[in-house]
>>> print(open('coords-v4.csv').read())   # CSV, C-alpha atoms
chain,number,residue,atom,x,y,z
Q,258,MET,CA,-31.9,43.0,-94.7
Q,259,THR,CA,-31.9,46.6,-93.9
Q,260,ARG,CA,-30.2,48.8,-96.6
Q,261,PHE,CA,-28.1,51.7,-95.4
Q,262,SER,CA,-27.4,55.0,-97.1
Q,263,VAL,CA,-24.2,55.4,-99.1
Q,264,GLY,CA,-23.0,58.0,-96.6
Q,265,THR,CA,-23.1,55.5,-93.7
Q,266,GLY,CA,-22.5,52.3,-95.6
Q,267,TRP,CA,-18.7,52.4,-95.4
Q,268,ALA,CA,-18.7,53.0,-91.7
Q,269,ILE,CA,-21.1,50.1,-91.0
Q,270,VAL,CA,-19.3,47.7,-93.3
Q,271,THR,CA,-15.9,48.6,-91.6
Q,272,ALA,CA,-17.4,48.1,-88.2
Q,273,LEU,CA,-18.8,44.7,-89.2
Q,274,CYS,CA,-15.3,43.6,-90.5
Q,275,VAL,CA,-13.7,44.8,-87.3
Q,276,CYS,CA,-16.2,43.1,-84.9
Q,277,ALA,CA,-16.7,39.9,-86.8
Q,278,GLN,CA,-14.4,38.0,-84.5
Q,279,PRO,CA,-13.1,34.9,-86.4
Q,280,ALA,CA,-13.1,32.8,-83.2
Q,281,VAL,CA,-15.0,32.9,-79.9
Q,282,ALA,CA,-12.6,34.3,-77.3
Q,283,TYR,CA,-12.1,34.7,-73.7
Q,284,ARG,CA,-12.3,38.2,-72.4
Q,285,PRO,CA,-11.1,40.6,-73.4
Q,286,PHE,CA,-9.3,38.9,-76.3
Q,287,ASP,CA,-10.1,37.9,-79.8
Q,288,GLY,CA,-8.2,34.6,-79.4
Q,289,THR,CA,-8.8,32.0,-76.8
Q,290,ASP,CA,-6.8,29.4,-74.7
Q,291,ALA,CA,-6.6,25.6,-74.5
Q,292,GLY,CA,-9.0,25.2,-71.7
Q,293,VAL,CA,-12.7,24.4,-71.3
Q,294,ALA,CA,-15.4,24.8,-68.6
Q,295,ASP,CA,-15.5,22.0,-66.0
Q,296,LEU,CA,-18.1,19.3,-66.3
Q,297,ASN,CA,-21.6,20.7,-65.6
Q,298,GLU,CA,-20.2,24.2,-65.3
Q,299,VAL,CA,-21.6,27.3,-67.0
Q,300,GLU,CA,-19.4,30.2,-67.7
Q,301,ILE,CA,-20.8,33.5,-69.1
Q,302,GLU,CA,-18.7,36.3,-70.5
Q,303,LEU,CA,-20.5,39.6,-70.7
Q,304,GLN,CA,-19.6,43.0,-72.1
Q,305,PRO,CA,-22.3,45.4,-71.0
Q,306,PHE,CA,-20.9,48.2,-73.1
Q,307,GLY,CA,-17.9,48.6,-75.5
Q,308,TRP,CA,-16.9,51.4,-77.8
Q,309,GLN,CA,-15.1,51.5,-81.1
Q,310,ARG,CA,-14.1,54.2,-83.6
Q,311,ALA,CA,-13.3,53.6,-87.3
Q,312,GLY,CA,-12.2,56.8,-89.0
Q,313,SER,CA,-14.8,59.5,-88.1
Q,314,GLN,CA,-17.5,56.9,-87.3
Q,315,SER,CA,-18.1,55.4,-83.8
Q,316,ALA,CA,-20.3,52.6,-82.6
Q,317,ALA,CA,-21.4,50.9,-79.3
Q,318,VAL,CA,-20.6,47.2,-79.0
Q,319,ALA,CA,-23.3,46.2,-76.4
Q,320,PRO,CA,-24.0,43.7,-75.3
Q,321,PHE,CA,-21.5,41.0,-76.3
Q,322,VAL,CA,-22.3,37.6,-74.7
Q,323,VAL,CA,-20.5,34.3,-74.8
Q,324,TYR,CA,-22.1,31.2,-73.1
Q,325,ASN,CA,-19.9,28.2,-72.3
Q,326,TYR,CA,-21.1,24.9,-70.9
Q,327,GLY,CA,-19.0,21.9,-69.9
Q,328,PHE,CA,-21.2,19.1,-71.1
Q,329,ALA,CA,-18.7,16.2,-70.9
Q,330,ASP,CA,-15.1,15.6,-69.8
Q,331,ARG,CA,-12.7,17.8,-71.8
Q,332,TRP,CA,-15.7,19.1,-73.9
Q,333,GLU,CA,-17.3,22.5,-74.0
Q,334,ALA,CA,-20.3,24.0,-76.0
Q,335,VAL,CA,-20.0,27.7,-76.8
Q,336,LEU,CA,-22.7,30.1,-78.1
Q,337,GLN,CA,-21.9,33.7,-78.8
Q,338,THR,CA,-23.4,36.9,-80.2
Q,339,GLU,CA,-23.0,40.7,-80.1
Q,340,MET,CA,-25.0,43.8,-80.9
Q,341,LEU,CA,-23.4,46.7,-82.8
Q,342,SER,CA,-25.2,50.1,-82.6
Q,343,PRO,CA,-23.9,53.1,-84.6
Q,344,ILE,CA,-23.4,56.2,-82.4
Q,345,THR,CA,-22.5,58.5,-85.3
Q,346,GLY,CA,-23.3,58.3,-89.0
Q,347,GLY,CA,-26.8,56.7,-88.6
Q,348,GLY,CA,-27.8,53.3,-89.6
Q,349,GLU,CA,-29.6,50.4,-87.9
Q,350,PRO,CA,-28.3,48.3,-85.0
Q,351,SER,CA,-27.1,44.8,-86.0
Q,352,ILE,CA,-26.7,41.5,-84.3
Q,353,GLN,CA,-23.6,39.7,-85.6
Q,354,ALA,CA,-20.5,37.6,-84.6
Q,355,THR,CA,-23.0,34.9,-83.9
Q,356,GLY,CA,-21.7,31.3,-83.8
Q,357,ALA,CA,-22.1,27.9,-82.1
Q,358,PHE,CA,-19.0,25.9,-81.4
Q,359,LEU,CA,-17.6,22.8,-79.7
Q,360,LYS,CA,-14.2,22.9,-78.0
Q,361,TYR,CA,-12.2,19.9,-77.0
Q,362,VAL,CA,-9.0,19.5,-75.0
Q,363,VAL,CA,-6.8,17.3,-77.2
Q,364,LYS,CA,-4.0,17.2,-74.7
Q,365,PRO,CA,-4.5,18.1,-71.0
Q,366,GLY,CA,-1.6,20.1,-69.7
Q,367,VAL,CA,-0.8,23.1,-67.5
Q,368,LEU,CA,-4.3,24.6,-67.8
Q,369,GLN,CA,-5.8,21.3,-66.5
Q,370,GLY,CA,-3.4,21.1,-63.5
Q,371,GLN,CA,-1.0,18.7,-65.3
Q,372,SER,CA,2.5,19.2,-66.7
Q,373,GLY,CA,3.4,20.3,-70.2
Q,374,VAL,CA,1.5,22.3,-72.8
Q,375,SER,CA,-2.3,22.3,-73.1
Q,376,ILE,CA,-3.6,21.7,-76.6
Q,377,ALA,CA,-7.2,22.2,-77.7
Q,378,THR,CA,-9.3,22.5,-80.9
Q,379,GLU,CA,-12.5,24.5,-81.5
Q,380,PHE,CA,-14.9,24.2,-84.4
Q,381,GLY,CA,-18.4,25.0,-85.5
Q,382,PRO,CA,-20.7,27.1,-87.8
Q,383,LEU,CA,-20.6,30.9,-88.1
Q,384,LEU,CA,-24.3,31.7,-88.0
Q,385,PRO,CA,-26.3,34.5,-89.9
Q,386,GLY,CA,-26.8,37.9,-88.3
Q,387,ILE,CA,-29.6,40.5,-88.3
Q,388,ASN,CA,-28.8,43.5,-90.4
Q,389,ALA,CA,-25.5,41.8,-91.0
Q,390,ASP,CA,-24.1,39.1,-93.2
Q,391,PRO,CA,-27.0,36.6,-93.7
Q,392,GLY,CA,-24.8,33.7,-94.8
Q,393,VAL,CA,-23.5,30.6,-92.9
Q,394,GLY,CA,-19.7,29.9,-92.6
Q,395,PHE,CA,-17.5,27.5,-90.6
Q,396,SER,CA,-14.6,28.0,-88.2
Q,397,TRP,CA,-11.8,25.6,-87.1
Q,398,ALA,CA,-9.0,26.5,-84.7
Q,399,GLY,CA,-6.1,24.9,-83.0
Q,400,ILE,CA,-4.9,26.4,-79.6
Q,401,VAL,CA,-1.7,25.8,-77.6
Q,402,SER,CA,-1.2,27.2,-74.1
Q,403,GLN,CA,1.8,27.1,-71.8
Q,404,ARG,CA,2.5,28.6,-68.4
Q,405,TRP,CA,5.7,29.8,-66.7
Q,406,ASP,CA,6.5,31.7,-63.5
Q,407,TRP,CA,6.5,35.0,-65.4
Q,408,GLY,CA,3.2,34.4,-67.1
Q,409,THR,CA,1.1,32.4,-69.6
Q,410,ALA,CA,1.0,32.3,-73.4
Q,411,HIS,CA,-1.7,31.2,-75.8
Q,412,PHE,CA,-1.2,30.7,-79.5
Q,413,ASN,CA,-4.1,30.4,-81.9
Q,414,VAL,CA,-4.1,29.2,-85.6
Q,415,GLU,CA,-7.5,29.4,-87.2
Q,416,THR,CA,-8.9,28.8,-90.7
Q,417,ASN,CA,-12.5,29.9,-91.6
Q,418,LEU,CA,-15.0,29.8,-94.4
Q,419,THR,CA,-16.6,33.2,-94.0
Q,420,ARG,CA,-20.3,33.8,-94.1
Q,421,ASP,CA,-19.9,35.0,-97.8
Q,422,HIS,CA,-17.8,31.9,-98.5
Q,423,GLN,CA,-14.3,33.4,-98.6
Q,424,ALA,CA,-11.2,31.8,-97.1
Q,425,GLU,CA,-9.9,33.4,-93.9
Q,426,ALA,CA,-6.7,32.8,-91.8
Q,427,PHE,CA,-6.2,34.1,-88.3
Q,428,LEU,CA,-2.9,34.0,-86.3
Q,429,ASP,CA,-3.0,35.2,-82.7
Q,430,LEU,CA,-0.7,35.4,-79.6
Q,431,ILE,CA,-1.9,36.2,-76.1
Q,432,LEU,CA,0.4,36.9,-73.2
Q,433,GLU,CA,-0.7,37.2,-69.5
Q,434,GLY,CA,1.1,38.2,-66.4
Q,435,PRO,CA,1.8,35.9,-63.4
Q,436,ILE,CA,-1.2,33.9,-62.2
Q,437,THR,CA,-0.3,34.7,-58.6
Q,438,TRP,CA,-1.1,38.4,-59.2
Q,439,LYS,CA,-4.6,39.6,-58.3
Q,440,VAL,CA,-4.6,41.9,-61.3
Q,441,ARG,CA,-2.7,40.5,-64.3
Q,442,PRO,CA,-1.6,42.7,-67.2
Q,443,VAL,CA,-2.5,41.2,-70.6
Q,444,PHE,CA,-1.4,41.7,-74.2
Q,445,GLU,CA,-2.6,40.3,-77.5
Q,446,THR,CA,-1.6,40.7,-81.2
Q,447,PHE,CA,-3.2,39.1,-84.2
Q,448,TYR,CA,-3.1,39.0,-88.0
Q,449,ASP,CA,-6.3,38.2,-89.9
Q,450,LYS,CA,-6.8,38.0,-93.6
Q,451,VAL,CA,-9.9,37.3,-95.7
Q,452,TRP,CA,-8.8,36.6,-99.2
Q,453,THR,CA,-10.1,39.1,-101.8
Q,454,GLU,CA,-11.8,41.1,-99.0
Q,455,SER,CA,-9.8,42.5,-96.0
Q,456,GLU,CA,-6.6,42.4,-94.0
Q,457,SER,CA,-6.3,43.3,-90.3
Q,458,ARG,CA,-3.4,43.8,-87.8
Q,459,SER,CA,-4.3,44.3,-84.2
Q,460,VAL,CA,-2.7,45.0,-80.8
Q,461,LEU,CA,-4.5,44.9,-77.4
Q,462,VAL,CA,-3.3,45.9,-73.9
Q,463,GLY,CA,-5.3,45.6,-70.7
Q,464,ALA,CA,-5.8,43.8,-67.4
Q,465,ILE,CA,-7.8,41.1,-65.8
Q,466,TRP,CA,-8.8,41.4,-62.1
Q,467,GLN,CA,-9.5,38.0,-60.5
Q,468,VAL,CA,-12.1,39.3,-58.0
Q,469,ASP,CA,-13.0,35.8,-56.7
Q,470,HIS,CA,-12.8,32.2,-57.6
Q,471,ASP,CA,-15.7,32.4,-60.0
Q,472,LEU,CA,-15.7,36.1,-61.0
Q,473,ALA,CA,-13.2,38.1,-63.1
Q,474,LEU,CA,-13.4,41.7,-64.4
Q,475,ASP,CA,-11.5,42.9,-67.5
Q,476,ALA,CA,-10.7,46.1,-69.3
Q,477,ALA,CA,-8.6,46.7,-72.5
Q,478,PHE,CA,-7.8,49.1,-75.3
Q,479,ARG,CA,-7.3,47.8,-78.8
Q,480,TYR,CA,-5.7,49.5,-81.8
Q,481,ALA,CA,-6.0,47.9,-85.3
Q,482,ILE,CA,-5.3,48.7,-88.9
Q,483,VAL,CA,-8.1,47.3,-91.1
Q,484,ASP,CA,-7.4,47.7,-94.8
Q,485,GLY,CA,-5.2,50.7,-94.1
Q,486,HIS,CA,-7.7,52.4,-91.8
Q,487,PRO,CA,-7.1,52.9,-88.1
Q,488,VAL,CA,-9.6,51.4,-85.6
Q,489,ASN,CA,-9.7,52.1,-81.9
Q,490,GLU,CA,-11.7,50.1,-79.4
Q,491,ILE,CA,-12.4,50.1,-75.7
Q,492,ARG,CA,-13.5,46.8,-74.1
Q,493,ALA,CA,-14.7,46.2,-70.5
Q,494,GLY,CA,-16.7,43.3,-69.1
Q,495,LEU,CA,-16.9,40.4,-66.7
Q,496,THR,CA,-16.8,36.6,-66.6
Q,497,PHE,CA,-18.6,34.5,-64.0
Q,498,ALA,CA,-19.2,30.8,-63.5
Q,499,PHE,CA,-21.6,28.6,-61.7
Q,500,LYS,CA,-22.5,24.9,-61.4
Q,501,GLU,CA,-25.5,23.2,-62.9
Q,502,GLU,CA,-28.3,22.8,-60.3
Q,503,GLY,CA,-27.8,19.8,-58.2
Q,504,ASP,CA,-24.0,19.6,-58.8
Q,505,LYS,CA,-22.3,20.3,-55.5
Q,506,THR,CA,-18.7,20.1,-56.7
Q,507,PRO,CA,-16.7,23.4,-56.6
Q,508,THR,CA,-16.6,25.6,-59.7
Q,509,LYS,CA,-13.3,25.5,-61.6
Q,510,PRO,CA,-13.5,28.2,-64.2
Q,511,GLY,CA,-12.1,27.1,-67.6
Q,512,VAL,CA,-10.5,29.4,-70.1
Q,513,THR,CA,-12.3,32.5,-69.0
Q,514,PHE,CA,-10.4,32.7,-65.7
Q,515,GLY,CA,-6.7,33.0,-66.6
Q,516,ASN,CA,-5.8,31.6,-63.2
Q,517,TRP,CA,-7.4,28.3,-64.0
Q,518,GLY,CA,-7.1,28.2,-67.8
Q,519,LEU,CA,-9.8,30.6,-68.8
Q,520,SER,CA,-12.9,29.5,-70.7
Q,521,ARG,CA,-13.6,32.6,-72.7
>>> encode(input="coords-v4.csv", output="structure tokens")
Amino acid sequence: MTRFSVGTGWAIVTALCVCAQPAVAYRPFDGTDAGVADLNEVEIELQPFGWQRAGSQSAAVAPFVVYNYGFADRWEAVLQTEMLSPITGGGEPSIQATGAFLKYVVKPGVLQGQSGVSIATEFGPLLPGINADPGVGFSWAGIVSQRWDWGTAHFNVETNLTRDHQAEAFLDLILEGPITWKVRPVFETFYDKVWTESESRSVLVGAIWQVDHDLALDAAFRYAIVDGHPVNEIRAGLTFAFKEEGDKTPTKPGVTFGNWGLSR
């Protein structure tokens, strides 16, 4: 594991804490919704370039990739990872926020074209990084989603065993504008605490543009307080979906596309 100088160490550690998303998410959020990719459908979330600033230090978050695959009815497999590259302050690029998860819709609801709330659970290991925390942890989350004429809400409750084996709790609320709008305003706020290590409060505002049935673009600004230090972040990316070769049924984006229940 690469060792950094004392002068840049704080900046890199802070960036790792900020970017170590406790749960896989649908763009551009840190939380997710109670939807999954359709059977035999692949959804890819990609952030070609993002930027964050913690104190006087800045870093590029690029790329950030989430791969979702609907392998069975109401089930989704999720793989995610991201690269963090210091822009100021020196230090080596790192690969982090890596994980492998399974997501299951416990109760089909509004995100699945039925009535009532949608309820899902997501769980899996937090995997080692490169030039980042080398340990293995575990994540479990419960997600509830509901939709009204004015918009959609998603509520996440998550408990984790971090890669250095500390207890973590994550509470998250996502609000989206009406699904009939081509461009939907979005808002997210979360509270995250790793016992004996860190505490974060975050607010995000942005928009999702539903370009087509299987393509969405997003952009957002996030402001957080991490252990008393301000953090600013710009996120921009896209989500697209396609069917497994040989499957001729139409794509029905899961959590990633808010209009259908987004699949991260």
>>> closest_residue(input="coords-v4.csv", among="Q:Leu472, Q:Ala311, Q:Leu341, Q:Val443", to="Q:Pro487", atoms="all atoms listed in the file")
Q:Ala311
>>> atom_distance(input="coords-v4.csv", atom1="atom CA of Q:Leu296", atom2="atom CA of Q:Ala329")
5.6 Å
>>> closest_residue(input="coords-v4.csv", among="Q:Gly292, Q:Gly307, Q:Gly434, Q:Gly392", to="Q:Arg492", atoms="all atoms listed in the file")
Q:Gly307
>>> closest_residue(input="coords-v4.csv", among="Q:Ala498, Q:Ala357, Q:Leu428, Q:Ala477", to="Q:Glu300", atoms="all atoms listed in the file")
Q:Ala498
>>> residues_near_point(input="coords-v4.csv", point="(-4.5, 48.2, -76.5)", cutoff="9 Å", atoms="only C-alpha atoms", output="ChimeraX atom specification")
/Q:444-445,459-463,477-481,489-491
>>> closest_residue(input="coords-v4.csv", among="Q:Glu415, Q:Asp484, Q:Asp421, Q:Asp469", to="Q:Ser396", atoms="all atoms listed in the file")
Q:Glu415
>>> closest_atom_pairs(input="coords-v4.csv", of="stretch 421-482 of chain Q", to="stretch 400-412 of chain Q", cutoff="7 Å", atoms="all atoms listed in the file", output="CSV")
residue,atom,partner,partner_atom,distance
Q:Asp429,CA,Q:Phe412,CA,5.8
Q:Leu430,CA,Q:Phe412,CA,4.7
Q:Ile431,CA,Q:His411,CA,5.0
Q:Leu432,CA,Q:Ala410,CA,4.6
Q:Glu433,CA,Q:Thr409,CA,5.1
Q:Gly434,CA,Q:Gly408,CA,4.4
Q:Pro435,CA,Q:Gly408,CA,4.2
Q:Ile436,CA,Q:Gly408,CA,6.6
>>> write_last_selection(input="coords-v4.csv", atoms="C-alpha atoms", output="short mmCIF file (atom, residue, chain, number, x, y, z; two decimals), in the frame of the given file")
data_model
loop_
_atom_site.label_atom_id
_atom_site.label_comp_id
_atom_site.auth_asym_id
_atom_site.auth_seq_id
_atom_site.Cartn_x
_atom_site.Cartn_y
_atom_site.Cartn_z
CA ASP Q 429 -3.00 35.20 -82.70
CA LEU Q 430 -0.70 35.40 -79.60
CA ILE Q 431 -1.90 36.20 -76.10
CA LEU Q 432 0.40 36.90 -73.20
CA GLU Q 433 -0.70 37.20 -69.50
CA GLY Q 434 1.10 38.20 -66.40
CA PRO Q 435 1.80 35.90 -63.40
CA ILE Q 436 -1.20 33.90 -62.20
#
>>> atom_distance(input="coords-v4.csv", atom1="atom CA of Q:Thr496", atom2="atom CA of Q:Ala473")
5.2 Å
>>> atom_distance(input="coords-v4.csv", atom1="atom CA of Q:Thr378", atom2="atom CA of Q:Val363")
6.9 Å
>>> residues_around(input="coords-v4.csv", residues="Q:Glu302", least_positions_apart="2", cutoff="9 Å", atoms="only C-alpha atoms", output="ChimeraX atom specification")
/Q:283-284,300,304,321-325,494-498,513,520-521
>>> closest_residue(input="coords-v4.csv", among="Q:Glu339, Q:Asp290, Q:Glu454, Q:Asp295", to="Q:Ala317", atoms="all atoms listed in the file")
Q:Glu339
>>> residues_around(input="coords-v4.csv", residues="Q:Pro343", least_positions_apart="4", cutoff="7 Å", atoms="all atoms listed in the file", output="NGL selection string")
:Q and (315-317 or 347-348 or 350)
>>> residues_around(input="coords-v4.csv", residues="Q:Met340", least_positions_apart="4", cutoff="12 Å", atoms="all atoms listed in the file", output="PyMOL selection string")
chain Q and resi 272-273+276-277+303-308+316-322+349-355+386-389
>>> residues_near_point(input="coords-v4.csv", point="(-2.7, 19.4, -68.9)", cutoff="12 Å", atoms="only C-alpha atoms", output="list in words")
Ala291, Gly292, Val293, Arg331, Val362, Val363, Lys364, Pro365, Gly366, Val367, Leu368, Gln369, Gly370, Gln371, Ser372, Gly373, Val374, Ser375, Ile376, Ala377, Val401, Ser402, Gln403, Arg404, Trp517 and Gly518 of chain Q
>>> closest_residue(input="coords-v4.csv", among="Q:Ile344, Q:Val299, Q:Ile465, Q:Val335", to="Q:Leu383", atoms="all atoms listed in the file")
Q:Val335
>>> residues_around(input="coords-v4.csv", residues="Q:Lys360", least_positions_apart="6", cutoff="7 Å", atoms="all atoms listed in the file", output="PDB file with C-alpha atoms, keeping the file's coordinate frame")
ATOM      1  CA  TRP Q 332     -15.700  19.100 -73.900  1.00  0.00           C
ATOM      2  CA  GLU Q 333     -17.300  22.500 -74.000  1.00  0.00           C
ATOM      3  CA  ALA Q 334     -20.300  24.000 -76.000  1.00  0.00           C
ATOM      4  CA  THR Q 378      -9.300  22.500 -80.900  1.00  0.00           C
ATOM      5  CA  GLU Q 379     -12.500  24.500 -81.500  1.00  0.00           C
ATOM      6  CA  PHE Q 380     -14.900  24.200 -84.400  1.00  0.00           C
TER       7      PHE Q 380
END
>>> decode(input="coords-v4.csv", residues="stretch 420-432 of chain Q", atoms="N, CA and C atoms", output="compact mmCIF listing (two decimals), in the first residue's frame")
# COMPACT_ATOMS: atom_id res chain seq x y z
N ARG Q 420 -14.53 -1.47 6.26
CA ARG Q 420 -13.37 -2.28 5.88
C ARG Q 420 -12.34 -2.39 6.99
N ASP Q 421 -12.35 -1.45 7.94
CA ASP Q 421 -11.47 -1.58 9.11
C ASP Q 421 -12.25 -2.04 10.34
N HIS Q 422 -13.43 -2.62 10.08
CA HIS Q 422 -14.24 -3.34 11.09
C HIS Q 422 -14.77 -2.42 12.19
N GLN Q 423 -15.29 -1.27 11.75
CA GLN Q 423 -16.01 -0.36 12.63
C GLN Q 423 -17.49 -0.37 12.26
N ALA Q 424 -18.35 -0.08 13.24
CA ALA Q 424 -19.78 -0.03 12.97
C ALA Q 424 -20.13 1.29 12.30
N GLU Q 425 -21.05 1.24 11.32
CA GLU Q 425 -21.46 2.43 10.58
C GLU Q 425 -22.97 2.44 10.41
N ALA Q 426 -23.57 3.62 10.51
CA ALA Q 426 -25.00 3.80 10.27
C ALA Q 426 -25.20 4.91 9.25
N PHE Q 427 -26.16 4.71 8.34
CA PHE Q 427 -26.40 5.64 7.25
C PHE Q 427 -27.89 5.83 7.09
N LEU Q 428 -28.37 7.09 7.18
CA LEU Q 428 -29.77 7.43 7.00
C LEU Q 428 -29.86 8.42 5.84
N ASP Q 429 -30.77 8.16 4.89
CA ASP Q 429 -30.76 8.94 3.66
C ASP Q 429 -32.18 9.18 3.16
N LEU Q 430 -32.44 10.39 2.65
CA LEU Q 430 -33.72 10.75 2.05
C LEU Q 430 -33.47 11.37 0.68
N ILE Q 431 -34.14 10.84 -0.34
CA ILE Q 431 -34.06 11.36 -1.70
C ILE Q 431 -35.44 11.83 -2.13
N LEU Q 432 -35.51 13.01 -2.75
CA LEU Q 432 -36.75 13.54 -3.30
C LEU Q 432 -36.54 13.87 -4.77
